[in-house]
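Notes to accompany the following structure.
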Amino acid sequence: MAKLRDIAAVCKSKNAGPFELTIDAVFADKDMFEKVKATGVICPQLFVDLYGVKEEDILFTVYDAGLAFKATLPRLVSAGDLGDTDVYGAQQHAPLLEVDVPI
Amino acid sequence: MAEYRLLSTSGILGYGFPEDSIKRGVAMGVDMIGCDGGSTDPGPHYLGSGKTLNSRLAMKRDLRLMLQAAVAEGVPVTIGSCGGAGGEPHLEVMADLAREIACEDGLSFKMATIHAEQDKAWVKAQLATGKVKPMRNAGTLEADAIDRAERIVGCMGPEPYMAALDAGAQVVLAGRSTDPAPFAACAMRGQVEPAPAWYSGKMLECAAAGAIPKGHDCIHVTIKNNGVICEPPNPDKICTPMSLANQSLHENASPNFFQEPGGLLDTTDCSFDAVSDRAAMVSGMRWTPDDQYTVKIEGAELMGYRAITICGTRDPMLIGQSEDYFDLVREATATKVEAMGIGRDEYQLLFRAYGRDGVMAEREPLAASPSHELGILVEVIADSQEMANTVLSVARVSTLHLDFPGRLCKEGNMAFPFSPSDIECGPAYRFSVYHIVEPKDAMEMFPIEYEDVRN
């Protein structure tokens with residue numbers, strides 16, 4: 001078992017336009033990426049659980065060429081709108097860091 | 001198959017790049033020099049206010065080096081989303097800078113300015129056709145929202161740039177554009193096929209973001225045999241297959257599908273291969289033209305005037321009941337400002353508690369385990385700055401002094417770091433239009449003006 005924070009090379013979030021947030025976990029080598037992929041832990045349901053969004057609102061991609069997983073979700077409010085806490089969406093990745101991956 | 005060489009100077013014009021990088025990039029051979037000038041990423045303020053994202057001085061520094069190099073080499077300069085948001089005031093600042101630099105440095109060129117700001121009546125006519133569609137999560141566009149918008153811009157594709165270049169412009173300054181447009185336009189005019197032309201634009205629009213180590217810098221692209229070869233001119237940086245692949249993740253909903261004006265760029269089957277220890281090539285991208293040309297429109301509206309104050313608490317009794325306490329402050333503030341004639345529906349009072357959920361709001365999994373101190377940002381948005389200031393002043397006093405259950409800190413609940421503590425923030429905007437329209441062609445929304453700059 002390993003925390004994602006200890007095995008990922010990159011774990012980040014950013015706006016994908018003002019109405020969406022995109023979260024990436026990238027791995028440094030193919031072995032680790034394939035191991036993580038085989039566990040099935042990083043999947044749309046994970047983002048349902050971590051971010052409280054509906055599965056149908058998640059665009060999820062396993063990006064083999066980049067050794068990465070990508071999830072795009074709706075922002076709580078559009079960037080800069082009333083009550084927004086993160087205009088760039090750059091600090092919404094942290095819950096992913098603590099995910100246990102059974103490898 | 002044509003070979004075409006492009007140089008992008010930085011991710012956004014005005015972010016800066018080493019002067020040595022543009023010199024080295026030009027020495028690698030260039031058929032164009034370009035830069036993306038904008039983004040929605042810094043939020044709605046710039047589109048709403050008409051102000052530029054980067055300072056005039058920062059943009060002038062970058063533009064000067066680009067114009068000097070382009071005139072010396074006899075190649076075009078194309079700049080998209082001028083001034084950040086790409087509206088009329090933003091484009092005008094850039095055009096002024098180009099004239100100013102040309103005058104100071106004795107440069108001459110034919111300049112095109114391509115306008116992206118949209119007439120509200122035109123947008124309403126589009127709405128009336130029933131063909132306006134929201135981008136994901138943006139909601140339905142209402143006619144009222146068009147009226148309320150401070151400014152609406154269209155995100156142009158490469159075609160207006162190509163028209164300007166065909167007309168002999170050497171310097172093309174364009175309003176809001178899809179980020180790859182200034183590059184894809186030049187490549188397609190250079191007989192490159194749409195798929196690698198668009199992909200090169202994707203790589204070039206963020207300049208050295210696809211290189212490692214990260215940092216604002218130039219990127220050089222050579223397109224040959226439908227492959228897009230990226231190499232940073234700065235000898236301290238390299239592009240690797242992985243650094244390029246990962247750039248596809250940046251600010252995109254999907255790394256595989258990119259809807260652009262006029263078609264879809266599909267990168268699902270791309271290969272990423274090293275061509276040297278400093279350069280890597282992407283190939284295998286596909287372009288599928290759309291039956292109907294589409295353009296994204298962006299608009300921002302005023303939501304009010306903002307005033308804020310920042311304070312913190314170290315009191316465990318207060319930290320343990322922070323949300324209830326904010327409700328007490330809201331109520332006390334409402335009662336006091338009502339006495340001044342300001343109704344509850346005339347302002348919004350918001351609290352952010354840093355150390356609790358100030359960053360992630362309702363998505364914060366650890367909100368129930370706050371830290372030993374909380375940073376509090378008190379925010380008021382109201383219809384006028386004076387009203388925002390007034391309500392904030394009352395809210396600040398209430399936040400400091402209001403009684404709460406179990407209170408021992410009878411002299412004050414908050415540490416305020418500054419005097420004065422209240423900060424006027426001016427007008428606050430929100431994105432109110434983020435939709436897709438169907439113009440009759442790629443040019444309809446984007447008129448071009450030409451000017452001979454002679455010195």
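Identifiers in the structure tokens: chain A, B, ... in order shown; residue index from 1 per chain; ligand index from 1 in order shown.
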
For segment 275-279 of chain B: contacts at 6 Å, only C-alpha atoms, fewer than 2 positions along chain excluded, given as JSON, numbers by chain = {"B": [230, 231, 238, 239]}

Those residues you just picked out, can you put them in a file as a compact mmCIF listing (two decimals), in the first residue's frame with C-alpha atoms?
# COMPACT_ATOMS: atom_id res chain seq x y z
CA CYS B 230 9.89 21.05 -30.38
CA GLU B 231 13.21 22.37 -29.14
CA ILE B 238 15.17 20.43 -23.11
CA CYS B 239 12.02 18.90 -24.59

For chain B, which residues have at least one atom within 7 Å of chain A, if we go by only C-alpha atoms? Write them as a VMD selection string, please.
-> chain B and resid 40 to 44 137 to 138 242 245 to 246 251 to 254 358 to 361 363 430 to 431

Contacts of segment 419-423 of chain B at 7 Å or less, counting only C-alpha atoms, minus same-chain residues fewer than 3 places along, as a PyMOL selection string?
-> chain B and resi 307-309+416

Those same residues - N, CA and C atoms - I'd like them written as an mmCIF file, in the first residue's frame.
data_model
loop_
_atom_site.group_PDB
_atom_site.id
_atom_site.type_symbol
_atom_site.label_atom_id
_atom_site.label_comp_id
_atom_site.auth_asym_id
_atom_site.auth_seq_id
_atom_site.Cartn_x
_atom_site.Cartn_y
_atom_site.Cartn_z
ATOM 1 N N ALA B 307 -15.294 45.185 -1.094
ATOM 2 C CA ALA B 307 -14.407 45.671 -0.035
ATOM 3 C C ALA B 307 -14.091 44.477 0.860
ATOM 4 N N ILE B 308 -12.850 44.405 1.332
ATOM 5 C CA ILE B 308 -12.454 43.254 2.151
ATOM 6 C C ILE B 308 -11.666 43.705 3.373
ATOM 7 N N THR B 309 -11.617 42.825 4.361
ATOM 8 C CA THR B 309 -10.659 43.002 5.444
ATOM 9 C C THR B 309 -10.130 41.623 5.825
ATOM 10 N N PHE B 416 -6.161 42.014 13.918
ATOM 11 C CA PHE B 416 -6.100 42.708 12.620
ATOM 12 C C PHE B 416 -4.662 43.151 12.376
#

Between B:Gln126, B:Ser177, B:Thr390, B:Ser432, which has the minimum distance to Leu91 of chain B (counting only C-alpha atoms)?
->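 Using only C-alpha atoms, Leu91 of chain B sits closest to B:Ser177.
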
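Residues in contact range of Tyr429 of chain B, defined as at most 10 Å between only C-alpha atoms, with sequence neighbours fewer than 5 positions away removed, read A:Gly80, A:Asp81, A:Leu82, B:Gly43, B:Pro44, B:His45, B:Tyr46, B:Leu47, B:Gly48, B:Ser49, B:Ala149, B:Glu150, B:Gly299, B:Ala300, B:Glu301, B:Leu302, B:Met303, B:Gly304, B:Tyr305, B:Arg306.
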
Keeping only N, CA and C atoms, write the selected residues to a file as a short mmCIF file (atom, residue, chain, number, x, y, z; two decimals), in the first residue's frame.
data_model
loop_
_atom_site.label_atom_id
_atom_site.label_comp_id
_atom_site.auth_asym_id
_atom_site.auth_seq_id
_atom_site.Cartn_x
_atom_site.Cartn_y
_atom_site.Cartn_z
N GLY A 80 -13.58 33.26 -10.25
CA GLY A 80 -13.74 34.66 -9.90
C GLY A 80 -15.15 35.06 -9.53
N ASP A 81 -16.11 34.13 -9.65
CA ASP A 81 -17.49 34.47 -9.29
C ASP A 81 -17.61 34.57 -7.76
N LEU A 82 -18.74 35.09 -7.33
CA LEU A 82 -19.00 35.28 -5.91
C LEU A 82 -18.73 33.99 -5.13
N GLY B 43 -9.01 35.12 -14.52
CA GLY B 43 -10.34 35.49 -14.04
C GLY B 43 -11.01 36.56 -14.89
N PRO B 44 -12.24 36.94 -14.49
CA PRO B 44 -13.08 37.80 -15.33
C PRO B 44 -12.74 39.29 -15.27
N HIS B 45 -11.85 39.68 -14.37
CA HIS B 45 -11.59 41.10 -14.15
C HIS B 45 -11.15 41.84 -15.41
N TYR B 46 -10.30 41.21 -16.20
CA TYR B 46 -9.67 41.90 -17.33
C TYR B 46 -10.65 42.10 -18.48
N LEU B 47 -11.44 41.08 -18.74
CA LEU B 47 -12.47 41.21 -19.77
C LEU B 47 -13.52 42.24 -19.32
N GLY B 48 -13.86 42.20 -18.05
CA GLY B 48 -14.88 43.11 -17.53
C GLY B 48 -14.40 44.55 -17.48
N SER B 49 -13.20 44.77 -16.97
CA SER B 49 -12.72 46.13 -16.72
C SER B 49 -12.09 46.77 -17.95
N ALA B 149 -23.73 42.24 -19.94
CA ALA B 149 -22.28 42.02 -20.12
C ALA B 149 -21.57 43.35 -20.37
N GLU B 150 -20.43 43.52 -19.72
CA GLU B 150 -19.61 44.70 -19.96
C GLU B 150 -18.99 44.61 -21.35
N GLY B 299 -17.98 36.47 -22.17
CA GLY B 299 -18.43 37.77 -21.69
C GLY B 299 -18.30 37.86 -20.18
N ALA B 300 -18.17 39.08 -19.69
CA ALA B 300 -18.09 39.30 -18.24
C ALA B 300 -19.05 40.41 -17.86
N GLU B 301 -19.68 40.24 -16.69
CA GLU B 301 -20.60 41.28 -16.20
C GLU B 301 -20.17 41.74 -14.81
N LEU B 302 -20.59 42.95 -14.48
CA LEU B 302 -20.30 43.51 -13.16
C LEU B 302 -21.19 42.82 -12.13
N MET B 303 -20.59 42.32 -11.04
CA MET B 303 -21.46 41.77 -9.99
C MET B 303 -21.55 42.71 -8.80
N GLY B 304 -20.80 43.79 -8.81
CA GLY B 304 -20.88 44.76 -7.72
C GLY B 304 -19.50 45.30 -7.42
N TYR B 305 -19.43 45.95 -6.27
CA TYR B 305 -18.15 46.54 -5.83
C TYR B 305 -17.73 45.83 -4.55
N ARG B 306 -16.43 45.58 -4.46
CA ARG B 306 -15.93 44.73 -3.38
C ARG B 306 -15.12 45.54 -2.38
#

Could you please write out, as JSON, numbers by chain, every residue of chain A that DSSP assigns to helix (DSSP H, G or I)?
-> {"A": [4, 5, 6, 7, 30, 31, 32, 33, 34, 35, 36, 37, 38, 39, 44, 45, 46, 47, 48, 49, 50, 51, 55, 56, 57, 64, 65, 66, 94, 95, 96, 97]}

Got a sec to tell me which of segment 122-366 of chain B DSSP assigns to strand (DSSP E), as a PyMOL selection string?
-> chain B and resi 133-134+149-154+171-174+219-224+227-231+257-260+263-266+271-274+280-283+286-289+295-313+347-354

Rounded to one decimal in Å, what is the spacing between atom CA of Glu438 of chain B and atom CA of Ala128 of chain B?
-> 12.0 Å

Straight-line distance linking atom CA of Leu173 of chain B with atom CA of Asn226 of chain B, stated in Å to one decimal |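 Value for the atom CA of Leu173 of chain B-atom CA of Asn226 of chain B distance: 27.5 Å.
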
Can you pull out every residue within 9 Å of Pro213 of chain B, counting only C-alpha atoms, but drop anything in the same chain fewer than 2 positions away, and send it as an NGL selection string?
-> :B and (208-209 or 211 or 215 or 236-238)

Take the residues just selected and output them with N, CA and C atoms as a PDB file, in the first residue's frame.
ATOM      1  N   ALA B 208       7.584  27.707 -23.566  1.00  0.00           N
ATOM      2  CA  ALA B 208       8.471  26.710 -22.967  1.00  0.00           C
ATOM      3  C   ALA B 208       7.804  25.862 -21.879  1.00  0.00           C
ATOM      4  N   ALA B 209       6.473  25.977 -21.727  1.00  0.00           N
ATOM      5  CA  ALA B 209       5.801  25.150 -20.719  1.00  0.00           C
ATOM      6  C   ALA B 209       5.952  23.662 -21.025  1.00  0.00           C
ATOM      7  N   ALA B 211       8.669  22.380 -22.073  1.00  0.00           N
ATOM      8  CA  ALA B 211      10.087  22.039 -21.891  1.00  0.00           C
ATOM      9  C   ALA B 211      10.380  21.892 -20.400  1.00  0.00           C
ATOM     10  N   GLY B 215       9.739  27.331 -16.801  1.00  0.00           N
ATOM     11  CA  GLY B 215      10.132  28.732 -16.660  1.00  0.00           C
ATOM     12  C   GLY B 215       9.706  29.470 -17.907  1.00  0.00           C
ATOM     13  N   ASP B 236      19.731  25.684 -21.494  1.00  0.00           N
ATOM     14  CA  ASP B 236      19.496  25.095 -20.171  1.00  0.00           C
ATOM     15  C   ASP B 236      18.210  24.275 -20.113  1.00  0.00           C
ATOM     16  N   LYS B 237      17.446  24.273 -21.194  1.00  0.00           N
ATOM     17  CA  LYS B 237      16.176  23.541 -21.202  1.00  0.00           C
ATOM     18  C   LYS B 237      16.197  22.470 -22.280  1.00  0.00           C
ATOM     19  N   ILE B 238      15.336  21.464 -22.089  1.00  0.00           N
ATOM     20  CA  ILE B 238      15.175  20.431 -23.112  1.00  0.00           C
ATOM     21  C   ILE B 238      13.684  20.084 -23.259  1.00  0.00           C
TER      22      ILE B 238
END
